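Undergrad: Have a look at this one.
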Amino acid sequence: MEIRSSHSSNQRLTASAEGLTQRYQPGQVLEARVLSDPARGTTNQGIRVQVGNQILELHNQLAVSSGELLRLRVLSAEPRLELELMQANQRQDSAQPRAELMNSSLKQFIPRQQGLQYLTATLTQALNQDSLPADIKTSMQQLLASLPRSGALLSSDKLTEVIRSSGLFLESTLAAGRSIPNSDLKLLWLSLLAQLRTYLPAGGHAASLPPENQKDTPLPFLLNPAAQARVQPSRTPLKHDGLDQLILRLFGLAESAVSRISLNQLATAEAQQQGEMRWKMDLPLIFPNNEFGVLQLFIEKEPPESKAGKAVEEPQEIPWSVSLALDMPGLGPLHARLRLRDKTLETRIIAELNETTDRLNTYLPRLRERLRQQGLEISCLECHQGQPDQDSSDLKFSMLDIEV
């Protein structure tokens, strides 16, 4: 792959692709964001840029720095990809370009996104189709095998592994030059998407998503996590009219999963752009009865407290909080918030079912004692029946102004 600059006739850049291989067409105009700047590292370090879902590494020198946008035109796709540098040095420092990028991304992802439990359940239903190519089946099996069983999340090491593999950190891990877990959820869906793309019929369009499933999947821009319904995979074969329609259906599923994970990334990035340390993710899992569910997890480092409109000057122990939501077999939807300051833990649980509230309250004294044995001081440990407020958004832009 070569990149030729229109500003310098003798400047040529070679590049290699990481992970996916996109299909490009001559005349296509691409926008690439610079992820890393070799000027800050070794001279042999390449420049990583992102074009959509594709990460490219440029090996020759180019006067750019992290965060800049490069506008590229495809000159030739065969036998190798050749690009012309049309425009550079457009930094994403101002609020306006960032808002435009956010709106553009939301318009792309919101219509496609869907709950990961629906997508993985449908993937399981489609796995037994005899007409599927072997490489597609292998990718599907690898993806489904990466999903944790609900009981495994009781292990702190396994929970840490699942969080790191949630897909939320894929691009930042690439930009930092660190290795990516083989079980990274976004990478697995992107790999499946790339393989399906090679089988797409000419002029075909991915099947639209069931609108009821989209309504059941709350967008990740709320202050409180939402418990998403569990799904039991259907035992009947996935209906389709031939291999082409099956490939299109699976392609739509993969696009939906990537869109959902990307929305979580946008919500996290925008919150951190506003100075808030908050990570939002959906962790798909499998229950013992082979139902598919999603643990929605928010991890937040709370801002320092203030008094009379002024920040407290003396050093403070900044508390961390974890909010989670999960629909569990036998218990129904559960919402919990844990707040830890130093070694003092505050925990509040909301159960939507009365019988679940009564059941959990009988176990709280035992849980309190076990937490104390771990060296924690318990300031609050309680469970109430009800539903959390889901009306607030933590982002400073209006979703209603975006036409999708």
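Just remember, in the structure tokens the first chain shown is A, the second B, etc., residues are 1-based per chain, and ligands are 1-based in the order shown.
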Show which residues sit within 8 Å of Ala267 of chain A, as a short mmCIF file (atom, residue, chain, number, x, y, z; two decimals) with N, CA and C atoms, in the first residue's frame. Count only C-alpha atoms, and ignore same-chain residues fewer than 4 positions away.

TA:
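Output below, filename result-v1.cif:
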data_model
loop_
_atom_site.label_atom_id
_atom_site.label_comp_id
_atom_site.auth_asym_id
_atom_site.auth_seq_id
_atom_site.Cartn_x
_atom_site.Cartn_y
_atom_site.Cartn_z
N PRO A 220 -26.47 3.93 25.52
CA PRO A 220 -25.55 4.01 26.66
C PRO A 220 -25.22 5.44 27.09
N PHE A 221 -26.21 6.35 27.04
CA PHE A 221 -25.95 7.73 27.39
C PHE A 221 -26.70 8.14 28.65
N LEU A 263 -20.92 2.74 20.22
CA LEU A 263 -21.70 3.71 20.99
C LEU A 263 -21.22 3.78 22.43
N ALA A 271 -17.66 11.54 27.82
CA ALA A 271 -17.63 11.82 29.26
C ALA A 271 -16.23 12.20 29.70
N LYS A 280 -18.05 2.96 30.32
CA LYS A 280 -19.35 2.31 30.17
C LYS A 280 -19.20 1.14 29.20
N LEU A 395 -24.48 13.40 28.77
CA LEU A 395 -23.72 14.04 27.72
C LEU A 395 -24.29 15.41 27.39
#

Undergrad: I'd like a table as a Markdown table: residues in segment 306-390 of chain A with an atom no more than 12 Å from segment 283-286 of chain A, each row giving the shortest atom pair and its distance in Å to one decimal, only C-alpha atoms counted, sorted by chain and rising residue number.

TA:
| residue | atom | partner | partner_atom | distance |
| --- | --- | --- | --- | --- |
| A:Leu324 | CA | A:Leu283 | CA | 10.5 |
| A:Ala325 | CA | A:Leu283 | CA | 10.6 |
| A:Leu326 | CA | A:Leu283 | CA | 10.0 |
| A:Asp327 | CA | A:Leu285 | CA | 11.1 |
| A:Met328 | CA | A:Ile286 | CA | 10.6 |
| A:Pro329 | CA | A:Ile286 | CA | 11.0 |

Undergrad: Write the residues of the preceding selection, restricted to N, CA and C atoms, as a PDB file, in the first residue's frame.

TA:
ATOM      1  N   LEU A 324     -24.088  -1.132  38.179  1.00  0.00           N
ATOM      2  CA  LEU A 324     -24.309  -2.261  37.286  1.00  0.00           C
ATOM      3  C   LEU A 324     -25.790  -2.608  37.217  1.00  0.00           C
ATOM      4  N   ALA A 325     -26.161  -3.249  36.135  1.00  0.00           N
ATOM      5  CA  ALA A 325     -27.536  -3.696  35.938  1.00  0.00           C
ATOM      6  C   ALA A 325     -27.507  -5.029  35.222  1.00  0.00           C
ATOM      7  N   LEU A 326     -28.385  -5.947  35.675  1.00  0.00           N
ATOM      8  CA  LEU A 326     -28.391  -7.295  35.124  1.00  0.00           C
ATOM      9  C   LEU A 326     -29.750  -7.935  35.373  1.00  0.00           C
ATOM     10  N   ASP A 327     -30.262  -8.612  34.360  1.00  0.00           N
ATOM     11  CA  ASP A 327     -31.495  -9.382  34.488  1.00  0.00           C
ATOM     12  C   ASP A 327     -31.097 -10.837  34.731  1.00  0.00           C
ATOM     13  N   MET A 328     -31.363 -11.356  35.937  1.00  0.00           N
ATOM     14  CA  MET A 328     -30.876 -12.679  36.334  1.00  0.00           C
ATOM     15  C   MET A 328     -32.006 -13.688  36.420  1.00  0.00           C
ATOM     16  N   PRO A 329     -31.758 -14.921  36.010  1.00  0.00           N
ATOM     17  CA  PRO A 329     -32.776 -15.967  36.166  1.00  0.00           C
ATOM     18  C   PRO A 329     -33.143 -16.153  37.638  1.00  0.00           C
TER      19      PRO A 329
END

Undergrad: Counting only C-alpha atoms, which residue out of A:Met140, A:Val34, A:Leu371, A:Leu56 sits closest to Leu119 of chain A?

TA: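 Answer, going by the shortest atom-to-atom distance: A:Met140.
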
Undergrad: Please tabulate, as a Markdown table, the residues of segment 243-355 of chain A that come within 12 Å of segment 232-236 of chain A, each with its closest pair of atoms and the distance in Å to one decimal, counting only C-alpha atoms and ordering rows by chain, then residue number upward.

TA:
| residue | atom | partner | partner_atom | distance |
| --- | --- | --- | --- | --- |
| A:Ile286 | CA | A:Gln232 | CA | 9.9 |
| A:Phe287 | CA | A:Gln232 | CA | 9.9 |
| A:Pro288 | CA | A:Gln232 | CA | 11.4 |
| A:Asn289 | CA | A:Gln232 | CA | 8.6 |
| A:Asn290 | CA | A:Gln232 | CA | 6.9 |
| A:Glu291 | CA | A:Gln232 | CA | 4.6 |
| A:Phe292 | CA | A:Gln232 | CA | 6.3 |
| A:Gly293 | CA | A:Gln232 | CA | 9.1 |
| A:Pro329 | CA | A:Gln232 | CA | 11.5 |

Undergrad: Let's have the selection written as a JSON list (two decimals), in the first residue's frame, with C-alpha atoms.

TA:
[["chain", "number", "residue", "atom", "x", "y", "z"],
["A", 286, "ILE", "CA", -24.33, -16.92, 29.15],
["A", 287, "PHE", "CA", -26.44, -18.21, 32.05],
["A", 288, "PRO", "CA", -26.55, -21.90, 33.10],
["A", 289, "ASN", "CA", -29.89, -22.38, 31.30],
["A", 290, "ASN", "CA", -28.19, -21.20, 28.06],
["A", 291, "GLU", "CA", -29.94, -17.86, 28.11],
["A", 292, "PHE", "CA", -27.95, -14.89, 26.83],
["A", 293, "GLY", "CA", -27.79, -11.76, 28.94],
["A", 329, "PRO", "CA", -32.78, -15.97, 36.17]]

Undergrad: I'd like the neighbourhood of Pro388 of chain A as an MDAnalysis selection string, where a residue qualifies if any of its atoms comes within 9 Å (using only C-alpha atoms), though same-chain residues fewer than 5 positions away should be ignored.

TA: chainID A and resid 224:226 335 350

Undergrad: Would you mind listing what lies within 10 Å of segment 168-180 of chain A as a CSV table (one decimal) with N, CA and C atoms, in the first residue's frame, with only C-alpha atoms counted and same-chain residues fewer than 2 positions away left out?

TA:
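The resulting file, out_17.csv, is reproduced below:
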chain,number,residue,atom,x,y,z
A,18,GLU,N,-3.7,-3.5,10.0
A,18,GLU,CA,-3.7,-4.3,11.2
A,18,GLU,C,-5.1,-4.9,11.4
A,34,VAL,N,-5.0,10.4,13.0
A,34,VAL,CA,-3.7,9.9,13.4
A,34,VAL,C,-3.8,9.5,14.9
A,35,LEU,N,-3.5,8.2,15.2
A,35,LEU,CA,-3.5,7.7,16.5
A,35,LEU,C,-2.2,7.8,17.3
A,36,SER,N,-1.1,7.8,16.6
A,36,SER,CA,0.2,7.9,17.3
A,36,SER,C,1.2,8.6,16.4
A,37,ASP,N,2.1,9.3,17.1
A,37,ASP,CA,3.0,10.2,16.4
A,37,ASP,C,4.4,9.7,16.7
A,45,GLN,N,9.5,3.8,14.6
A,45,GLN,CA,8.1,3.6,14.9
A,45,GLN,C,7.2,4.1,13.8
A,47,ILE,N,3.5,5.3,12.0
A,47,ILE,CA,2.4,6.2,12.4
A,47,ILE,C,1.1,5.4,12.2
A,48,ARG,N,0.3,5.2,13.3
A,48,ARG,CA,-0.9,4.5,13.2
A,48,ARG,C,-2.0,5.5,12.9
A,49,VAL,N,-2.9,5.2,12.0
A,49,VAL,CA,-4.0,6.0,11.6
A,49,VAL,C,-5.2,5.1,11.6
A,50,GLN,N,-6.4,5.7,11.8
A,50,GLN,CA,-7.6,4.9,11.8
A,50,GLN,C,-8.5,5.4,10.7
A,53,ASN,N,-13.2,1.4,10.6
A,53,ASN,CA,-12.8,0.4,11.6
A,53,ASN,C,-11.4,-0.2,11.3
A,54,GLN,N,-10.7,0.3,10.3
A,54,GLN,CA,-9.5,-0.2,9.9
A,54,GLN,C,-8.3,0.6,10.5
A,55,ILE,N,-7.3,-0.1,11.0
A,55,ILE,CA,-6.1,0.6,11.5
A,55,ILE,C,-5.0,0.3,10.5
A,66,SER,N,-0.5,13.3,16.8
A,66,SER,CA,-1.7,12.6,17.3
A,66,SER,C,-2.9,13.5,17.3
A,163,ILE,N,-13.6,-7.4,31.3
A,163,ILE,CA,-13.7,-6.0,31.1
A,163,ILE,C,-12.7,-5.5,30.1
A,164,ARG,N,-11.5,-6.0,30.2
A,164,ARG,CA,-10.4,-5.7,29.2
A,164,ARG,C,-10.8,-6.1,27.8
A,165,SER,N,-11.5,-7.2,27.7
A,165,SER,CA,-11.9,-7.8,26.4
A,165,SER,C,-13.3,-7.3,25.9
A,166,SER,N,-13.8,-6.3,26.6
A,166,SER,CA,-15.2,-5.8,26.2
A,166,SER,C,-15.3,-5.1,24.9
A,182,ASN,N,-6.9,-11.9,22.6
A,182,ASN,CA,-7.5,-12.7,21.5
A,182,ASN,C,-9.0,-12.7,21.7
A,183,SER,N,-9.5,-12.5,22.9
A,183,SER,CA,-11.0,-12.5,23.2
A,183,SER,C,-11.6,-11.2,23.1
A,184,ASP,N,-10.9,-10.1,22.6
A,184,ASP,CA,-11.5,-8.8,22.5
A,184,ASP,C,-12.8,-8.9,21.7
A,185,LEU,N,-13.9,-8.4,22.3
A,185,LEU,CA,-15.2,-8.6,21.7
A,185,LEU,C,-15.3,-7.8,20.4
A,186,LYS,N,-14.9,-6.6,20.4
A,186,LYS,CA,-15.0,-5.8,19.1
A,186,LYS,C,-14.2,-6.4,18.0
A,187,LEU,N,-13.0,-6.8,18.4
A,187,LEU,CA,-12.1,-7.4,17.3
A,187,LEU,C,-12.7,-8.7,16.7
A,261,ILE,N,-21.0,-1.6,20.4
A,261,ILE,CA,-19.8,-1.4,21.1
A,261,ILE,C,-19.2,0.0,20.9
A,262,SER,N,-19.3,0.5,19.6
A,262,SER,CA,-18.8,1.8,19.3
A,262,SER,C,-19.6,2.9,20.0
A,263,LEU,N,-20.9,2.7,20.2
A,263,LEU,CA,-21.7,3.7,21.0
A,263,LEU,C,-21.2,3.8,22.4
A,264,ASN,N,-20.9,2.6,23.0
A,264,ASN,CA,-20.3,2.6,24.4
A,264,ASN,C,-19.0,3.4,24.4
A,265,GLN,N,-18.2,3.2,23.3
A,265,GLN,CA,-16.9,3.9,23.2
A,265,GLN,C,-17.1,5.4,23.1
A,266,LEU,N,-18.1,5.8,22.3
A,266,LEU,CA,-18.4,7.3,22.2
A,266,LEU,C,-18.9,7.9,23.5
A,268,THR,N,-18.2,6.8,26.5
A,268,THR,CA,-17.1,6.9,27.4
A,268,THR,C,-16.1,8.1,27.0
A,269,ALA,N,-15.8,8.2,25.7
A,269,ALA,CA,-14.9,9.2,25.2
A,269,ALA,C,-15.5,10.6,25.5
A,279,TRP,N,-16.2,4.9,32.6
A,279,TRP,CA,-16.1,3.8,31.5
A,279,TRP,C,-17.5,3.1,31.5
A,280,LYS,N,-18.0,3.0,30.3
A,280,LYS,CA,-19.3,2.3,30.2
A,280,LYS,C,-19.2,1.1,29.2
A,281,MET,N,-19.8,0.0,29.6
A,281,MET,CA,-19.6,-1.2,28.7
A,281,MET,C,-20.7,-2.1,28.9
A,282,ASP,N,-21.0,-2.9,27.9
A,282,ASP,CA,-21.9,-4.0,27.9
A,282,ASP,C,-21.1,-5.3,27.9

Undergrad: Identify which of the residues A:Ala32, A:Leu72, A:Leu192, A:Val258 lies closest to Gln108 of chain A, counting only C-alpha atoms when measuring atom-to-atom distances.

TA: A:Val258

Undergrad: Just give me the gap between atom CA of Leu85 of chain A and atom CA of Thr198 of chain A in Å, one decimal is fine.

TA: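 The value is 27.5 Å.
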
Undergrad: Using only C-alpha atoms, pick whichever of A:Gly46, A:Gly332, A:Gly167, A:Pro79 has the shortest atom-to-atom distance to Ser259 of chain A.

TA: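 Ranked by minimum distance to Ser259 of chain A, first place goes to A:Gly167.
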
Undergrad: Output as a PyMOL selection string all residues of segment 226-303 of chain A that backbone DSSP marks as strand (DSSP E).

TA: chain A and resi 277-286+292-301

Undergrad: Could you please take those selected residues and save N, CA and C atoms as a short mmCIF file (atom, residue, chain, number, x, y, z; two decimals), in the first residue's frame?

TA:
data_model
loop_
_atom_site.label_atom_id
_atom_site.label_comp_id
_atom_site.auth_asym_id
_atom_site.auth_seq_id
_atom_site.Cartn_x
_atom_site.Cartn_y
_atom_site.Cartn_z
N MET A 277 -14.05 10.85 34.60
CA MET A 277 -13.42 9.54 34.46
C MET A 277 -14.50 8.48 34.59
N ARG A 278 -15.02 8.03 33.44
CA ARG A 278 -16.14 7.10 33.45
C ARG A 278 -16.01 6.14 32.27
N TRP A 279 -16.20 4.87 32.55
CA TRP A 279 -16.14 3.84 31.52
C TRP A 279 -17.47 3.11 31.50
N LYS A 280 -18.05 2.96 30.32
CA LYS A 280 -19.35 2.31 30.17
C LYS A 280 -19.20 1.14 29.20
N MET A 281 -19.76 0.01 29.59
CA MET A 281 -19.59 -1.17 28.73
C MET A 281 -20.75 -2.14 28.92
N ASP A 282 -21.00 -2.92 27.87
CA ASP A 282 -21.94 -4.05 27.92
C ASP A 282 -21.12 -5.33 27.87
N LEU A 283 -21.31 -6.18 28.86
CA LEU A 283 -20.58 -7.45 28.93
C LEU A 283 -21.56 -8.59 28.67
N PRO A 284 -21.60 -9.15 27.47
CA PRO A 284 -22.51 -10.27 27.19
C PRO A 284 -22.05 -11.51 27.92
N LEU A 285 -23.00 -12.30 28.40
CA LEU A 285 -22.66 -13.52 29.13
C LEU A 285 -23.73 -14.57 28.90
N ILE A 286 -23.42 -15.78 29.32
CA ILE A 286 -24.33 -16.92 29.15
C ILE A 286 -24.68 -17.47 30.52
N PHE A 292 -28.96 -15.93 27.05
CA PHE A 292 -27.95 -14.89 26.83
C PHE A 292 -28.40 -13.61 27.52
N GLY A 293 -27.49 -13.00 28.25
CA GLY A 293 -27.79 -11.76 28.94
C GLY A 293 -26.68 -10.76 28.77
N VAL A 294 -26.86 -9.58 29.35
CA VAL A 294 -25.87 -8.51 29.29
C VAL A 294 -25.72 -7.89 30.67
N LEU A 295 -24.51 -7.84 31.16
CA LEU A 295 -24.19 -7.07 32.36
C LEU A 295 -23.75 -5.69 31.90
N GLN A 296 -24.55 -4.68 32.20
CA GLN A 296 -24.16 -3.31 31.85
C GLN A 296 -23.44 -2.71 33.05
N LEU A 297 -22.23 -2.22 32.78
CA LEU A 297 -21.32 -1.81 33.85
C LEU A 297 -20.81 -0.40 33.62
N PHE A 298 -20.93 0.45 34.64
CA PHE A 298 -20.36 1.80 34.63
C PHE A 298 -19.34 1.86 35.76
N ILE A 299 -18.12 2.26 35.44
CA ILE A 299 -17.07 2.46 36.44
C ILE A 299 -16.70 3.93 36.41
N GLU A 300 -16.69 4.57 37.57
CA GLU A 300 -16.52 6.02 37.60
C GLU A 300 -15.63 6.43 38.77
N LYS A 301 -14.72 7.35 38.48
CA LYS A 301 -13.97 8.03 39.52
C LYS A 301 -14.65 9.37 39.76
#

Undergrad: Using DSSP assignments from the backbone, pull out every residue in segment 141-384 of chain A that falls under helix (DSSP H, G or I) and give it to me as a PDB file with C-alpha atoms, in the first residue's frame.

TA:
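See part03.pdb below for the written result:
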ATOM      1  CA  GLN A 141     -17.569 -20.377  17.083  1.00  0.00           C
ATOM      2  CA  GLN A 142     -14.569 -18.367  18.310  1.00  0.00           C
ATOM      3  CA  LEU A 143     -16.786 -15.409  19.119  1.00  0.00           C
ATOM      4  CA  LEU A 144     -19.361 -17.472  21.016  1.00  0.00           C
ATOM      5  CA  ALA A 145     -16.616 -19.383  22.871  1.00  0.00           C
ATOM      6  CA  SER A 150     -22.270 -15.914  34.462  1.00  0.00           C
ATOM      7  CA  GLY A 151     -20.666 -17.855  37.318  1.00  0.00           C
ATOM      8  CA  ALA A 152     -17.176 -17.066  36.032  1.00  0.00           C
ATOM      9  CA  LEU A 153     -17.659 -13.375  36.823  1.00  0.00           C
ATOM     10  CA  LEU A 154     -17.517 -14.217  40.545  1.00  0.00           C
ATOM     11  CA  SER A 156     -12.037 -11.035  40.186  1.00  0.00           C
ATOM     12  CA  ASP A 157      -9.372 -12.185  37.718  1.00  0.00           C
ATOM     13  CA  LYS A 158     -11.995 -13.381  35.238  1.00  0.00           C
ATOM     14  CA  LEU A 159     -14.039 -10.199  35.635  1.00  0.00           C
ATOM     15  CA  THR A 160     -10.910  -8.116  34.946  1.00  0.00           C
ATOM     16  CA  GLU A 161     -10.229 -10.185  31.827  1.00  0.00           C
ATOM     17  CA  VAL A 162     -13.812  -9.761  30.596  1.00  0.00           C
ATOM     18  CA  ILE A 163     -13.696  -5.984  31.125  1.00  0.00           C
ATOM     19  CA  ARG A 164     -10.418  -5.684  29.230  1.00  0.00           C
ATOM     20  CA  LEU A 170      -9.502  -1.803  21.317  1.00  0.00           C
ATOM     21  CA  GLU A 171      -8.375   1.366  19.525  1.00  0.00           C
ATOM     22  CA  SER A 172      -6.604   2.867  22.551  1.00  0.00           C
ATOM     23  CA  THR A 173      -4.715  -0.402  23.007  1.00  0.00           C
ATOM     24  CA  LEU A 174      -3.667  -0.340  19.355  1.00  0.00           C
ATOM     25  CA  ALA A 175      -2.628   3.308  19.617  1.00  0.00           C
ATOM     26  CA  LEU A 185     -15.182  -8.615  21.682  1.00  0.00           C
ATOM     27  CA  LYS A 186     -15.039  -5.808  19.136  1.00  0.00           C
ATOM     28  CA  LEU A 187     -12.096  -7.382  17.336  1.00  0.00           C
ATOM     29  CA  LEU A 188     -13.949 -10.709  17.096  1.00  0.00           C
ATOM     30  CA  TRP A 189     -17.049  -9.043  15.638  1.00  0.00           C
ATOM     31  CA  LEU A 190     -14.882  -7.003  13.250  1.00  0.00           C
ATOM     32  CA  SER A 191     -13.081 -10.154  12.124  1.00  0.00           C
ATOM     33  CA  LEU A 192     -16.401 -11.866  11.448  1.00  0.00           C
ATOM     34  CA  LEU A 193     -17.593  -8.757   9.609  1.00  0.00           C
ATOM     35  CA  ALA A 194     -14.499  -8.792   7.396  1.00  0.00           C
ATOM     36  CA  GLN A 195     -14.931 -12.459   6.525  1.00  0.00           C
ATOM     37  CA  LEU A 196     -18.618 -12.022   5.755  1.00  0.00           C
ATOM     38  CA  ARG A 197     -17.774  -9.088   3.496  1.00  0.00           C
ATOM     39  CA  PRO A 211     -37.549  -2.741  15.677  1.00  0.00           C
ATOM     40  CA  GLU A 212     -38.813  -4.264  18.939  1.00  0.00           C
ATOM     41  CA  ASN A 213     -35.292  -5.388  19.841  1.00  0.00           C
ATOM     42  CA  GLN A 214     -33.907  -1.906  19.237  1.00  0.00           C
ATOM     43  CA  LYS A 215     -36.532  -0.445  21.583  1.00  0.00           C
ATOM     44  CA  LEU A 243     -26.804 -18.573   1.234  1.00  0.00           C
ATOM     45  CA  ASP A 244     -26.731 -14.962  -0.016  1.00  0.00           C
ATOM     46  CA  GLN A 245     -29.604 -13.965   2.262  1.00  0.00           C
ATOM     47  CA  LEU A 246     -28.011 -15.781   5.199  1.00  0.00           C
ATOM     48  CA  ILE A 247     -24.712 -13.941   4.655  1.00  0.00           C
ATOM     49  CA  LEU A 248     -26.569 -10.620   4.494  1.00  0.00           C
ATOM     50  CA  ARG A 249     -28.415 -11.439   7.713  1.00  0.00           C
ATOM     51  CA  LEU A 250     -25.193 -12.308   9.526  1.00  0.00           C
ATOM     52  CA  PHE A 251     -23.480  -9.227   8.099  1.00  0.00           C
ATOM     53  CA  GLY A 252     -26.272  -7.108   9.583  1.00  0.00           C
ATOM     54  CA  LEU A 253     -25.797  -8.800  12.963  1.00  0.00           C
ATOM     55  CA  ALA A 254     -22.066  -8.077  12.950  1.00  0.00           C
ATOM     56  CA  GLU A 255     -22.630  -4.452  11.941  1.00  0.00           C
ATOM     57  CA  SER A 256     -25.125  -4.101  14.781  1.00  0.00           C
ATOM     58  CA  ALA A 257     -22.690  -5.488  17.351  1.00  0.00           C
ATOM     59  CA  VAL A 258     -19.853  -3.212  16.211  1.00  0.00           C
ATOM     60  CA  SER A 259     -22.250  -0.241  16.309  1.00  0.00           C
ATOM     61  CA  ARG A 260     -23.356  -1.083  19.846  1.00  0.00           C
ATOM     62  CA  ILE A 261     -19.788  -1.357  21.135  1.00  0.00           C
ATOM     63  CA  SER A 262     -18.849   1.841  19.281  1.00  0.00           C
ATOM     64  CA  LEU A 263     -21.698   3.708  20.987  1.00  0.00           C
ATOM     65  CA  ASN A 264     -20.321   2.648  24.355  1.00  0.00           C
ATOM     66  CA  GLN A 265     -16.918   3.923  23.249  1.00  0.00           C
ATOM     67  CA  LEU A 266     -18.442   7.257  22.203  1.00  0.00           C
ATOM     68  CA  ALA A 267     -20.258   7.629  25.512  1.00  0.00           C
ATOM     69  CA  THR A 268     -17.054   6.930  27.412  1.00  0.00           C
ATOM     70  CA  ALA A 269     -14.918   9.202  25.240  1.00  0.00           C
ATOM     71  CA  GLU A 270     -17.354  12.110  25.467  1.00  0.00           C
ATOM     72  CA  ALA A 271     -17.633  11.815  29.255  1.00  0.00           C
ATOM     73  CA  GLN A 272     -13.852  11.821  29.571  1.00  0.00           C
ATOM     74  CA  GLN A 273     -13.598  14.760  27.157  1.00  0.00           C
ATOM     75  CA  ASN A 354     -40.786  -7.831  45.647  1.00  0.00           C
ATOM     76  CA  GLU A 355     -39.848 -11.468  46.239  1.00  0.00           C
ATOM     77  CA  THR A 356     -36.281 -10.762  45.114  1.00  0.00           C
ATOM     78  CA  THR A 357     -36.016  -7.856  47.552  1.00  0.00           C
ATOM     79  CA  ASP A 358     -37.147 -10.056  50.446  1.00  0.00           C
ATOM     80  CA  ARG A 359     -34.782 -12.825  49.400  1.00  0.00           C
ATOM     81  CA  LEU A 360     -31.723 -10.572  49.112  1.00  0.00           C
ATOM     82  CA  ASN A 361     -32.399  -8.835  52.423  1.00  0.00           C
ATOM     83  CA  THR A 362     -32.147 -12.177  54.217  1.00  0.00           C
ATOM     84  CA  TYR A 363     -28.579 -12.579  52.889  1.00  0.00           C
ATOM     85  CA  LEU A 364     -27.309  -9.030  53.485  1.00  0.00           C
ATOM     86  CA  PRO A 365     -26.186  -9.593  57.112  1.00  0.00           C
ATOM     87  CA  ARG A 366     -24.062 -12.540  55.964  1.00  0.00           C
ATOM     88  CA  LEU A 367     -22.622 -10.441  53.123  1.00  0.00           C
ATOM     89  CA  ARG A 368     -21.858  -7.565  55.513  1.00  0.00           C
ATOM     90  CA  GLU A 369     -19.857  -9.902  57.756  1.00  0.00           C
ATOM     91  CA  ARG A 370     -17.873 -11.345  54.851  1.00  0.00           C
ATOM     92  CA  LEU A 371     -16.994  -7.871  53.596  1.00  0.00           C
ATOM     93  CA  ARG A 372     -15.799  -6.882  57.050  1.00  0.00           C
ATOM     94  CA  GLN A 373     -13.596  -9.969  57.114  1.00  0.00           C
TER      95      GLN A 373
END

Undergrad: Which one is closest to Gln117 of chain A: A:Thr217, A:Ala134, A:Ala202, A:Val231? Count only C-alpha atoms.

TA: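 Closest residue, counting only C-alpha atoms: A:Val231.
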
Undergrad: Would you mind telling me which residue in A:Asp135, A:Asp241, A:Glu352, A:Glu317 lies nearest to Leu340 of chain A when using only C-alpha atoms?

TA: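 Closest to Leu340 of chain A, using only C-alpha atoms: A:Glu317.
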
Undergrad: Take atom CA of Ile110 of chain A and atom CA of Leu219 of chain A and report the distance between them in Å, one decimal.

TA: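 So the answer is 8.2 Å.
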